[in-house]
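Reproduced below: run_35.cif, with mmCIF, C-alpha atoms.
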```
data_target
loop_
_atom_site.label_atom_id
_atom_site.label_comp_id
_atom_site.auth_asym_id
_atom_site.auth_seq_id
_atom_site.Cartn_x
_atom_site.Cartn_y
_atom_site.Cartn_z
CA MET A 322 56.12 4.43 -28.55
CA THR A 323 59.29 4.09 -26.47
CA ILE A 324 57.18 2.63 -23.69
CA ARG A 325 55.78 0.06 -26.07
CA ARG A 326 59.06 -1.07 -27.47
CA ALA A 327 60.63 -1.49 -24.07
CA LYS A 328 62.55 -4.72 -23.80
CA GLY A 329 60.28 -7.66 -23.31
CA GLY A 330 57.12 -5.55 -23.65
CA LEU A 331 55.54 -7.70 -26.30
CA GLU A 332 56.55 -10.85 -24.47
CA SER A 333 54.66 -9.61 -21.41
CA GLU A 334 51.57 -8.97 -23.51
CA VAL A 335 51.66 -12.47 -24.98
CA LEU A 336 52.14 -14.00 -21.54
CA ALA A 337 49.31 -11.86 -20.15
CA ALA A 338 47.02 -13.03 -22.96
CA LEU A 339 47.83 -16.67 -22.19
CA TRP A 340 47.03 -16.16 -18.50
CA ALA A 341 43.77 -14.40 -19.30
CA ALA A 342 42.59 -17.26 -21.51
CA ASP A 343 40.42 -20.16 -20.35
CA GLY A 344 42.52 -22.80 -22.10
CA PRO A 345 45.57 -23.36 -24.29
CA LEU A 346 46.04 -20.84 -27.13
CA THR A 347 47.51 -21.37 -30.58
CA PRO A 348 49.66 -18.58 -32.07
CA GLY A 349 46.60 -17.55 -34.09
CA ASP A 350 44.49 -17.29 -30.92
CA VAL A 351 47.23 -15.21 -29.26
CA VAL A 352 47.32 -12.76 -32.20
CA GLN A 353 43.60 -12.21 -31.67
CA ALA A 354 43.81 -12.04 -27.88
CA VAL A 355 46.62 -9.51 -27.86
CA ASP A 356 44.39 -7.34 -30.03
CA ASP A 357 47.03 -5.45 -31.94
CA ASP A 358 48.46 -5.50 -35.45
CA LEU A 359 50.92 -8.23 -34.69
CA ALA A 360 52.44 -10.51 -37.27
CA TYR A 361 51.78 -14.22 -36.77
CA THR A 362 55.48 -14.98 -37.03
CA THR A 363 56.33 -12.42 -34.36
CA VAL A 364 53.94 -14.06 -31.93
CA GLN A 365 55.26 -17.49 -32.85
CA THR A 366 58.83 -16.37 -32.16
CA ILE A 367 57.84 -15.04 -28.76
CA LEU A 368 55.96 -18.22 -27.89
CA VAL A 369 58.97 -20.36 -28.81
CA ARG A 370 61.17 -18.13 -26.64
CA LEU A 371 58.74 -18.40 -23.71
CA HIS A 372 58.68 -22.16 -24.15
CA ALA A 373 62.47 -22.33 -24.16
CA LYS A 374 62.49 -20.37 -20.88
CA GLY A 375 59.99 -22.76 -19.38
CA ALA A 376 57.36 -20.07 -18.90
CA VAL A 377 54.83 -21.99 -20.99
CA ILE A 378 54.13 -25.60 -21.91
CA ARG A 379 52.72 -26.65 -25.27
CA GLU A 380 50.74 -29.46 -26.83
CA GLN A 381 50.10 -30.36 -30.44
CA VAL A 382 46.63 -29.31 -31.61
CA GLY A 383 46.11 -30.27 -35.24
CA ARG A 384 48.95 -28.69 -37.16
CA ALA A 385 49.83 -26.03 -34.59
CA PHE A 386 51.01 -25.98 -30.99
CA ALA A 387 48.72 -24.68 -28.27
CA TYR A 388 50.38 -22.93 -25.32
CA THR A 389 49.55 -22.84 -21.61
CA PRO A 390 51.35 -20.64 -19.08
CA VAL A 391 53.20 -22.24 -16.18
CA LEU A 392 53.15 -20.89 -12.66
CA ASP A 393 56.77 -20.30 -11.69
CA ASP A 394 58.62 -19.28 -8.56
CA ALA A 395 58.38 -15.65 -9.58
CA GLY A 396 54.62 -15.77 -9.40
CA LEU A 397 54.79 -17.25 -5.92
CA THR A 398 57.30 -14.60 -4.85
CA ALA A 399 54.97 -11.96 -6.19
CA ASP A 400 52.19 -13.58 -4.20
CA ARG A 401 54.20 -13.14 -1.02
CA MET A 402 54.72 -9.55 -2.02
CA GLN A 403 51.02 -9.06 -2.27
CA ALA A 404 50.73 -10.37 1.26
CA LEU A 405 53.17 -7.64 2.27
CA LEU A 406 50.99 -5.07 0.55
CA ASP A 407 47.95 -6.34 2.40
CA ARG A 408 49.67 -6.02 5.74
CA GLY A 409 49.76 -2.27 5.50
CA ALA A 410 49.94 0.57 3.03
CA ASP A 411 53.37 1.57 4.24
CA HIS A 412 54.98 -1.83 4.37
CA VAL A 413 56.69 -1.60 1.01
CA ALA A 414 55.99 2.03 0.35
CA VAL A 415 57.56 2.14 -3.09
CA LEU A 416 55.35 -0.46 -4.79
CA GLN A 417 53.08 1.36 -7.19
CA GLN A 418 49.66 -0.11 -7.71
CA PHE A 419 47.72 0.41 -10.90
CA VAL A 420 44.76 1.40 -8.82
CA ARG A 421 43.67 0.66 -5.31
CA THR A 422 40.78 -1.76 -5.19
CA LEU A 423 37.90 0.26 -3.92
CA SER A 424 35.54 -0.69 -1.12
CA ARG A 425 31.81 -0.87 -1.78
CA GLU A 426 31.28 2.64 -0.40
CA ASP A 427 34.17 3.97 -2.50
CA GLU A 428 32.71 2.31 -5.58
CA THR A 429 29.44 4.11 -5.02
CA ALA A 430 31.32 7.37 -4.52
CA LEU A 431 33.25 6.77 -7.75
CA ALA A 432 30.08 6.08 -9.73
CA GLU A 433 28.57 9.31 -8.41
CA LEU A 434 31.69 11.34 -9.19
CA LEU A 435 31.90 9.99 -12.73
CA ALA A 436 28.21 10.63 -13.35
CA ARG A 437 28.59 14.19 -12.09
CA GLN A 438 31.61 14.80 -14.31
CA GLN A 439 29.77 13.50 -17.32
CA GLY A 440 26.83 15.70 -16.39
CA GLN A 441 29.12 18.71 -16.57
CA GLY A 442 29.60 17.97 -20.23
CA ARG A 443 33.30 17.23 -20.13
CA SER A 444 34.28 14.76 -22.79
CA MET B 206 62.54 40.51 7.72
CA SER B 207 64.21 38.83 4.77
CA LEU B 208 64.87 35.95 7.12
CA TYR B 209 61.20 34.97 7.14
CA LEU B 210 60.74 35.17 3.37
CA PRO B 211 61.75 31.55 2.55
CA LEU B 212 59.36 30.35 5.24
CA LEU B 213 56.54 32.43 3.80
CA LEU B 214 57.27 31.29 0.25
CA SER B 215 57.33 27.64 1.27
CA ALA B 216 53.85 28.15 2.72
CA VAL B 217 52.72 29.68 -0.58
CA PHE B 218 54.26 26.78 -2.48
CA GLY B 219 52.68 24.20 -0.19
CA VAL B 220 49.24 25.58 -0.96
CA THR B 221 49.53 26.53 -4.64
CA ALA B 222 51.71 23.71 -5.98
CA PRO B 223 49.10 20.93 -5.55
CA LEU B 224 46.50 23.13 -7.26
CA LEU B 225 48.89 23.99 -10.10
CA ALA B 226 49.94 20.34 -10.43
CA HIS B 227 46.37 19.42 -11.14
CA ARG B 228 46.36 21.65 -14.20
CA LEU B 229 49.84 20.96 -15.53
CA PRO B 230 50.81 18.08 -17.81
CA PRO B 231 51.61 15.30 -15.31
CA GLN B 232 55.32 14.96 -16.19
CA ILE B 233 55.89 18.65 -15.51
CA ALA B 234 53.67 18.58 -12.44
CA THR B 235 55.67 15.69 -10.98
CA TRP B 236 59.02 17.42 -11.50
CA MET B 237 57.66 20.75 -10.27
CA LEU B 238 56.45 19.13 -7.04
CA SER B 239 59.73 17.27 -6.47
CA ILE B 240 62.14 20.10 -7.23
CA GLY B 241 59.95 22.80 -5.73
CA GLY B 242 59.29 20.69 -2.66
CA LEU B 243 62.99 20.13 -2.05
CA PHE B 244 63.72 23.84 -2.64
CA ALA B 245 60.94 24.93 -0.31
CA ALA B 246 62.05 22.42 2.33
CA ALA B 247 65.67 23.54 2.06
CA GLY B 248 64.54 27.18 2.24
CA SER B 249 62.44 26.77 5.35
CA SER B 250 65.15 24.67 7.01
CA VAL B 251 67.78 27.34 6.33
CA THR B 252 65.45 29.98 7.74
CA LEU B 253 64.79 28.00 10.91
CA GLY B 254 68.47 27.24 11.24
CA LEU B 255 69.42 30.90 10.87
CA LEU B 256 66.74 32.00 13.34
CA ALA B 257 68.03 29.52 15.90
CA PHE B 258 71.64 30.42 15.22
CA ASP B 259 71.07 34.19 15.45
CA ALA B 260 69.29 33.85 18.76
CA LEU B 261 72.00 31.63 20.19
CA ALA B 262 74.67 34.01 18.95
CA GLN B 263 73.25 36.74 21.18
CA ASP B 264 74.30 34.77 24.22
CA PRO B 265 77.12 36.83 25.78
CA ARG B 266 79.40 33.83 26.35
CA LEU B 267 79.11 32.65 22.76
CA ALA B 268 79.54 36.18 21.47
CA ALA B 269 82.76 36.59 23.43
CA ARG B 270 84.00 33.19 22.39
CA PHE B 271 83.58 33.85 18.67
CA GLY B 272 84.34 37.55 18.77
CA TRP B 273 81.22 39.32 17.65
CA SER B 274 79.29 42.14 19.26
CA GLU B 275 76.05 40.90 20.78
CA GLY B 276 74.88 44.50 20.98
CA VAL B 277 75.06 44.94 17.24
CA LEU B 278 73.36 41.61 16.67
CA ARG B 279 70.53 42.53 19.01
CA ALA B 280 70.18 46.03 17.58
CA HIS B 281 70.06 44.93 13.96
CA HIS B 282 68.14 41.81 14.54
CA PRO B 283 64.42 41.30 14.48
CA VAL B 284 64.68 37.89 16.17
CA ASP B 285 64.15 37.65 19.88
CA VAL B 286 65.57 34.84 21.95
CA GLU B 287 62.21 33.11 22.48
CA ALA B 288 61.60 32.84 18.73
CA GLY B 289 65.12 31.51 18.39
CA ALA B 290 64.49 28.84 21.00
CA VAL B 291 61.30 27.77 19.20
CA ALA B 292 63.22 27.64 15.92
CA ALA B 293 65.98 25.55 17.52
CA ALA B 294 63.41 23.08 18.85
CA ALA B 295 61.76 22.90 15.40
CA VAL B 296 65.12 22.28 13.73
CA ALA B 297 65.83 19.40 16.09
CA LEU B 298 62.36 17.91 15.65
CA PHE B 299 62.41 18.14 11.85
CA ALA B 300 65.93 16.71 11.68
CA VAL B 301 64.71 13.62 13.55
CA ARG B 302 61.65 13.33 11.30
CA PHE B 303 63.85 13.67 8.21
CA LEU B 304 66.09 10.84 9.40
CA ILE B 305 63.14 8.59 10.23
CA VAL B 306 61.37 9.17 6.90
CA GLY B 307 64.66 8.82 5.02
CA ALA B 308 65.55 5.55 6.73
CA ARG B 309 62.07 4.14 6.20
CA ARG B 310 62.05 5.00 2.49
CA ALA B 311 65.56 3.64 2.02
CA GLY B 312 64.53 0.39 3.70
CA SER B 313 61.46 0.21 1.50
CA VAL B 314 63.50 0.71 -1.69
CA ARG B 315 66.00 -1.94 -0.59
CA GLN B 316 63.15 -4.36 0.10
CA ALA B 317 61.61 -3.67 -3.31
CA HIS B 318 64.96 -4.22 -5.04
CA ARG B 319 65.33 -7.56 -3.28
CA LEU B 320 61.84 -8.58 -4.36
CA ALA B 321 62.48 -7.44 -7.94
CA ALA B 322 65.68 -9.48 -7.98
CA ALA B 323 63.77 -12.52 -6.72
CA LEU B 324 61.17 -11.99 -9.45
CA SER B 325 63.70 -11.63 -12.23
CA ALA B 326 64.95 -15.13 -11.49
CA GLY B 327 61.90 -16.18 -13.51
CA GLY B 328 63.20 -14.27 -16.52
CA GLY B 329 60.58 -11.91 -17.91
CA GLU B 330 59.41 -8.42 -17.09
CA LEU B 331 55.99 -9.70 -16.02
CA SER B 332 55.26 -11.94 -13.05
CA VAL B 333 51.79 -13.39 -12.75
CA ILE B 334 50.25 -13.97 -9.33
CA PRO B 335 47.67 -16.77 -9.10
CA SER B 336 44.85 -14.92 -7.38
CA ALA B 337 41.28 -13.91 -8.12
CA ASP B 338 41.97 -10.41 -6.72
CA ARG B 339 42.43 -7.60 -9.16
CA ARG B 340 45.88 -6.25 -8.45
CA ALA B 341 48.75 -4.91 -10.47
CA PHE B 342 51.86 -3.19 -9.25
CA ALA B 343 55.32 -2.12 -10.26
CA VAL B 344 58.34 -3.22 -8.23
CA PRO B 345 61.29 -0.83 -8.60
CA GLY B 346 64.65 -2.53 -8.98
CA ARG B 347 67.50 -3.19 -11.37
CA PRO B 348 65.66 -4.02 -13.52
CA GLY B 349 62.21 -3.31 -12.12
CA ARG B 350 59.39 -5.83 -12.43
CA ILE B 351 55.66 -5.81 -13.02
CA ALA B 352 53.37 -8.09 -11.04
CA VAL B 353 49.75 -8.71 -12.02
CA THR B 354 47.17 -11.14 -10.66
CA THR B 355 45.38 -13.59 -12.93
CA GLY B 356 42.13 -12.03 -11.71
CA MET B 357 43.20 -8.68 -13.11
CA LEU B 358 44.37 -10.14 -16.44
CA ARG B 359 41.09 -12.01 -16.88
CA SER B 360 38.98 -8.94 -16.24
CA LEU B 361 40.62 -6.97 -19.08
CA ASP B 362 40.68 -7.39 -22.84
CA GLY B 363 43.82 -7.32 -25.01
CA SER B 364 44.16 -3.56 -25.44
CA GLN B 365 43.31 -2.93 -21.79
CA ARG B 366 46.03 -5.36 -20.73
CA ARG B 367 48.44 -3.52 -23.00
CA ALA B 368 47.43 -0.25 -21.33
CA LEU B 369 47.90 -1.75 -17.87
CA LEU B 370 51.39 -3.05 -18.68
CA ALA B 371 52.40 0.27 -20.24
CA HIS B 372 51.14 2.06 -17.12
CA GLU B 373 53.26 -0.03 -14.76
CA ARG B 374 56.23 0.13 -17.10
CA SER B 375 55.99 3.92 -17.04
CA HIS B 376 56.33 3.93 -13.22
CA LEU B 377 59.53 1.90 -13.51
CA LEU B 378 60.98 3.75 -16.50
CA HIS B 379 60.54 7.19 -14.92
CA HIS B 380 61.51 6.13 -11.38
CA HIS B 381 58.32 7.53 -9.89
CA HIS B 382 59.16 6.10 -6.47
CA LEU B 383 62.10 8.52 -6.27
CA HIS B 384 59.76 11.45 -6.85
CA HIS B 385 57.56 10.16 -4.04
CA THR B 386 60.60 9.87 -1.80
CA ALA B 387 61.59 13.47 -2.59
CA VAL B 388 58.23 14.95 -1.60
CA HIS B 389 57.95 12.77 1.50
CA LEU B 390 61.36 14.02 2.64
CA ALA B 391 60.34 17.61 1.89
CA ALA B 392 57.14 17.22 3.91
CA SER B 393 59.05 15.66 6.79
CA VAL B 394 60.98 18.87 7.47
CA ASN B 395 58.16 21.31 6.70
CA PRO B 396 54.55 20.61 7.71
CA LEU B 397 53.44 23.37 5.32
CA LEU B 398 54.36 20.96 2.50
CA ARG B 399 52.24 18.08 3.77
CA ALA B 400 49.89 18.21 0.76
CA LEU B 401 52.75 17.43 -1.65
CA PRO B 402 52.95 13.61 -1.27
CA SER B 403 49.35 12.98 -2.30
CA ALA B 404 49.65 15.55 -5.12
CA SER B 405 52.79 13.76 -6.33
CA ALA B 406 51.09 10.36 -6.12
CA LEU B 407 48.23 11.59 -8.30
CA ALA B 408 50.59 13.33 -10.75
CA THR B 409 52.67 10.16 -11.26
CA GLU B 410 49.52 8.06 -11.75
CA ARG B 411 48.33 10.53 -14.39
CA TRP B 412 51.80 10.44 -15.96
CA ALA B 413 51.63 6.64 -16.21
CA ASP B 414 48.06 6.90 -17.55
CA GLU B 415 49.27 9.25 -20.30
CA ASP B 416 52.02 6.79 -21.21
CA ALA B 417 49.41 4.02 -21.30
CA ALA B 418 47.33 6.26 -23.58
CA SER B 419 50.21 6.27 -26.06
CA VAL B 420 49.72 2.52 -26.71
CA ALA B 421 45.94 2.34 -26.37
CA ARG B 422 42.98 4.64 -26.87
CA ARG B 423 42.34 7.08 -24.04
CA ASP B 424 38.92 5.61 -23.29
CA THR B 425 40.45 2.13 -23.25
CA VAL B 426 42.80 3.23 -20.47
CA ALA B 427 39.90 4.84 -18.61
CA GLU B 428 37.85 1.66 -18.95
CA ALA B 429 40.73 -0.50 -17.72
CA LEU B 430 41.09 1.80 -14.70
CA THR B 431 37.44 1.67 -13.81
CA ARG B 432 37.29 -2.10 -14.19
CA ALA B 433 40.41 -2.57 -12.09
CA ALA B 434 39.11 -0.33 -9.33
CA THR B 435 35.62 -1.79 -9.14
CA GLY B 436 33.90 -5.13 -9.36
CA GLY B 437 36.71 -6.85 -7.50
CA HIS B 438 36.35 -8.17 -4.01
CA PRO B 439 35.77 -5.71 -1.14
CA ALA B 440 38.93 -3.93 0.01
CA VAL B 441 41.18 -6.10 2.17
CA GLY B 442 41.64 -5.34 5.84
CA GLY B 443 38.95 -2.70 5.87
CA VAL B 444 41.19 -0.08 4.34
CA VAL B 445 38.75 2.60 3.34
CA LEU B 446 40.19 5.72 1.85
CA ALA B 447 37.82 8.48 0.88
CA ALA B 448 40.54 9.86 -1.39
CA ALA B 449 40.77 6.62 -3.37
CA ALA B 450 37.50 7.10 -5.25
CA ALA B 451 38.25 10.77 -5.88
CA ASP B 452 41.67 9.94 -7.31
CA VAL B 453 40.27 7.31 -9.69
CA ALA B 454 37.56 9.75 -10.79
CA ASP B 455 40.22 12.42 -11.38
CA ARG B 456 42.26 10.08 -13.51
CA VAL B 457 39.27 8.88 -15.53
CA ASP B 458 38.25 12.49 -15.99
CA ALA B 459 41.73 13.42 -17.23
CA LEU B 460 41.62 10.51 -19.69
CA ARG B 461 38.24 11.58 -21.03
CA ALA B 462 39.66 15.02 -21.75
CA PRO B 463 42.08 15.51 -24.65
CA PRO B 464 45.81 14.95 -23.89
CA PRO B 465 47.14 17.69 -21.60
CA ARG B 466 48.86 20.53 -23.36
CA LEU B 467 51.67 22.75 -22.19
CA ALA B 468 50.19 25.93 -20.80
CA LEU B 469 53.24 28.19 -20.74
CA TRP B 470 51.89 30.61 -18.16
CA ARG B 471 51.31 27.82 -15.65
CA ILE B 472 54.85 26.57 -16.13
CA GLY B 473 55.96 30.19 -15.81
CA VAL B 474 54.16 30.57 -12.49
CA SER B 475 55.76 27.38 -11.17
CA ALA B 476 59.23 28.47 -12.31
CA MET B 477 58.79 31.92 -10.75
CA LEU B 478 57.77 30.34 -7.48
CA LEU B 479 60.87 28.12 -7.48
CA LEU B 480 63.14 31.04 -8.35
CA ALA B 481 61.57 33.21 -5.65
CA ILE B 482 62.21 30.54 -3.02
CA ALA B 483 65.81 30.06 -4.15
CA ALA B 484 66.40 33.83 -4.21
CA ALA B 485 64.84 34.33 -0.78
CA VAL B 486 67.15 31.69 0.72
CA ALA B 487 70.17 33.36 -0.88
CA VAL B 488 69.13 36.78 0.41
CA ALA B 489 68.48 35.50 3.92
CA MET B 490 71.90 33.85 4.04
CA HIS B 491 73.61 36.91 2.62
CA ASP B 492 71.91 39.24 5.14
CA THR B 493 72.93 37.03 8.02
CA GLU B 494 76.50 36.97 6.82
CA ARG B 495 76.54 40.79 6.55
CA LEU B 496 75.13 41.11 10.03
CA PHE B 497 77.85 38.95 11.50
CA GLU B 498 80.51 40.88 9.63
CA LEU B 499 79.14 44.08 11.18
CA ALA B 500 79.06 42.49 14.61
CA GLN B 501 82.64 41.28 14.27
CA ASP B 502 83.85 44.68 13.12
CA ALA B 503 82.12 46.31 16.09
CA TYR B 504 83.65 43.77 18.45
CA ARG B 505 87.14 44.50 17.12
CA ALA B 506 86.55 48.24 17.40
CA GLY B 507 85.80 47.67 21.07
CA HIS B 508 82.04 48.24 21.07
CA ARG B 509 80.63 45.47 23.08
#
```

Will you turn the file into structure tokens for me?
Amino acid sequence: MTIRRAKGGLESEVLAALWAADGPLTPGDVVQAVDDDLAYTTVQTILVRLHAKGAVIREQVGRAFAYTPVLDDAGLTADRMQALLDRGADHVAVLQQFVRTLSREDETALAELLARQQGQGRS
Amino acid sequence: MSLYLPLLLSAVFGVTAPLLAHRLPPQIATWMLSIGGLFAAAGSSVTLGLLAFDALAQDPRLAARFGWSEGVLRAHHPVDVEAGAVAAAAVALFAVRFLIVGARRAGSVRQAHRLAAALSAGGGELSVIPSADRRAFAVPGRPGRIAVTTGMLRSLDGSQRRALLAHERSHLLHHHHLHHTAVHLAASVNPLLRALPSASALATERWADEDAASVARRDTVAEALTRAATGGHPAVGGVVLAAAAADVADRVDALRAPPPRLALWRIGVSAMLLLAIAAAVAVAMHDTERLFELAQDAYRAGHR
């Protein structure tokens, strides 16, 4: 659980949920979207903190606020970084990708490999 | 003959370590590859250095200059001058490769740190990139940062996003890029170790996957992986890597299996291998030292 409780970990999850959503989210929506046993007040605290930092904007919806993420300079910097990644595998060799996006042929190969593994009865 | 032992053992390590790594818990596999790789690289470098040095030392002018008997060296020594010359050339070549790889990695780390610093101006651990691509990566720095595209976030559900963030956080927390640097440096001075970097890359990915599996169900992590790897746009710039699909399949496979357990005998085998390499280097150095003592004694006694 040390990974989980890393500083700002929950904040990242809330922000990620806001970005994944189609529209503004209320604290209640965020609790659902984060999909974990989070207390409403915890989420609310995080949202207020994000708002104070300028990472999200909010609007009154009924009795609650609904939050929308704001694109900041960091996101644009990260975008430039992605351009670096695209330029060549070795350009910034220490960036670690979750997974390399596979080509169509690789996708087919992956599907075959996974089917074969499942066929071997490993579970 | 003891002189060749570190070289031989590094070859054994280069072949067996990636296979062992596959079957070890990823944390242990990663460390085994890094430490073992550096040991094996140091061992083979010392061997090459000694081979070159011994051959050079048989040159009459050098022998006279430093006061050792070339006759004794030649008599006791299995190395002929040609092998020594080859070793000397290899030492020079590998030294250059080491410097190039080292400089390139250092530059890369510096660049990443600068980018991480630029990202942290925004405040949080996570930076979101407005893009339909599915990408997520960790940027090492002080502190490190995580960057994810909106396309990736939208393709995952809540627990999968949690798994993704935990995965990237694991890379930063455990400084996986330093492990990669270690094995790349090792491979730069010993071609027999060239399989280590890809083995280390897979081991660190599995390590991060296991950390992700501590905050989400194992099949959730596997699902997030598969979704992230597929269904996105075609790979940019025509980068097609046959290994990419195999690596994803390996990781999904590992996640479908129960959490890896410590198999003591496998750790034992790895430890023995490391010890053997270290011992072989020590013996080779000791033997060389003894030989030169003999040669010096003979020189003083007047036997040239």

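Take CA of Leu361 (chain B) and CA of Thr362 (chain A): the distance between them is 24.6 Å.
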
Check which residues satisfy the PyMOL selection byres ((chain A and resi 364-372) around 10) in the file shown, then give them as JSON, numbers by chain. {"A": [329, 331, 332, 333, 335, 336, 347, 348, 349, 351, 352, 355, 359, 360, 361, 362, 363, 373, 374, 375, 376, 377, 378, 379, 386, 387, 388, 389, 390, 391], "B": [328, 329]}

Could you tell me which residues the PyMOL selection byres ((chain B and resi 310) around 9) returns for this structure, as a PyMOL selection string? (chain A and resi 413-415) or (chain B and resi 305-309+311-315+386+389)

For a test of reading the model, state the distance in Å between CA of Trp470 (chain B) and CA of Pro402 (chain B), rounded to one decimal. 24.0 Å

Within 9 Å of Arg423 (chain B) using all atoms listed in the file, minus same-chain residues under 5 positions, as number ranges by chain: B: 414-415, 417-418, 428, 460-464

If I take CA of Leu320 (chain B) and CA of Val453 (chain B), how far is one from the other in Å, to one decimal? 27.3 Å

Expanded to explicit residues, what is the PyMOL selection byres ((chain B and resi 362) around 12) for this file, as number ranges by chain? A: 334, 337-342, 353-357; B: 357-361, 363-369, 421, 425-426, 428-429, 432-433

Can you write just those residues out, C-alpha atoms, as a PDB file, keeping the file's coordinate frame?
```
ATOM      1  CA  GLU A 334      51.570  -8.970 -23.510  1.00  0.00           C
ATOM      2  CA  ALA A 337      49.310 -11.860 -20.150  1.00  0.00           C
ATOM      3  CA  ALA A 338      47.020 -13.030 -22.960  1.00  0.00           C
ATOM      4  CA  LEU A 339      47.830 -16.670 -22.190  1.00  0.00           C
ATOM      5  CA  TRP A 340      47.030 -16.160 -18.500  1.00  0.00           C
ATOM      6  CA  ALA A 341      43.770 -14.400 -19.300  1.00  0.00           C
ATOM      7  CA  ALA A 342      42.590 -17.260 -21.510  1.00  0.00           C
ATOM      8  CA  GLN A 353      43.600 -12.210 -31.670  1.00  0.00           C
ATOM      9  CA  ALA A 354      43.810 -12.040 -27.880  1.00  0.00           C
ATOM     10  CA  VAL A 355      46.620  -9.510 -27.860  1.00  0.00           C
ATOM     11  CA  ASP A 356      44.390  -7.340 -30.030  1.00  0.00           C
ATOM     12  CA  ASP A 357      47.030  -5.450 -31.940  1.00  0.00           C
TER      13      ASP A 357
ATOM     14  CA  MET B 357      43.200  -8.680 -13.110  1.00  0.00           C
ATOM     15  CA  LEU B 358      44.370 -10.140 -16.440  1.00  0.00           C
ATOM     16  CA  ARG B 359      41.090 -12.010 -16.880  1.00  0.00           C
ATOM     17  CA  SER B 360      38.980  -8.940 -16.240  1.00  0.00           C
ATOM     18  CA  LEU B 361      40.620  -6.970 -19.080  1.00  0.00           C
ATOM     19  CA  GLY B 363      43.820  -7.320 -25.010  1.00  0.00           C
ATOM     20  CA  SER B 364      44.160  -3.560 -25.440  1.00  0.00           C
ATOM     21  CA  GLN B 365      43.310  -2.930 -21.790  1.00  0.00           C
ATOM     22  CA  ARG B 366      46.030  -5.360 -20.730  1.00  0.00           C
ATOM     23  CA  ARG B 367      48.440  -3.520 -23.000  1.00  0.00           C
ATOM     24  CA  ALA B 368      47.430  -0.250 -21.330  1.00  0.00           C
ATOM     25  CA  LEU B 369      47.900  -1.750 -17.870  1.00  0.00           C
ATOM     26  CA  ALA B 421      45.940   2.340 -26.370  1.00  0.00           C
ATOM     27  CA  THR B 425      40.450   2.130 -23.250  1.00  0.00           C
ATOM     28  CA  VAL B 426      42.800   3.230 -20.470  1.00  0.00           C
ATOM     29  CA  GLU B 428      37.850   1.660 -18.950  1.00  0.00           C
ATOM     30  CA  ALA B 429      40.730  -0.500 -17.720  1.00  0.00           C
ATOM     31  CA  ARG B 432      37.290  -2.100 -14.190  1.00  0.00           C
ATOM     32  CA  ALA B 433      40.410  -2.570 -12.090  1.00  0.00           C
TER      33      ALA B 433
END
```

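Closest approach to chain B among A:Glu426, A:Gln417, A:Pro345, A:Ala436: A:Gln417, based on only C-alpha atoms.
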
Spatial neighbours of Ala484 (chain B), 9 Å, only C-alpha atoms, chain gap at least 5 places, as a VMD selection string: chain B and resid 211 479 489

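With all atoms listed in the file as the atoms that count, the minimum distance from chain B to the choices A:Gly344, A:Thr429, A:Leu416, A:Arg437 is reached by A:Leu416.
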
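Within 9 Å of Gln232 (chain B), once only C-alpha atoms are used and residues closer than 4 positions along the same chain are dropped, the contacting residues are Trp236, Met237, Ala408, Thr409, Arg411 and Trp412 of chain B.
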
Export of prior selection with C-alpha atoms as a PDB file, in the coordinates of the input:
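What follows is the written file result_8.pdb:
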```pdb
ATOM      1  CA  TRP B 236      59.020  17.420 -11.500  1.00  0.00           C
ATOM      2  CA  MET B 237      57.660  20.750 -10.270  1.00  0.00           C
ATOM      3  CA  ALA B 408      50.590  13.330 -10.750  1.00  0.00           C
ATOM      4  CA  THR B 409      52.670  10.160 -11.260  1.00  0.00           C
ATOM      5  CA  ARG B 411      48.330  10.530 -14.390  1.00  0.00           C
ATOM      6  CA  TRP B 412      51.800  10.440 -15.960  1.00  0.00           C
TER       7      TRP B 412
END
```

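Residue nearest Leu392 (chain A) within the list B:Ser393, B:Thr431, B:Ser419, B:Ser332: B:Ser332 [criterion: smallest interatomic distance, all atoms listed in the file].
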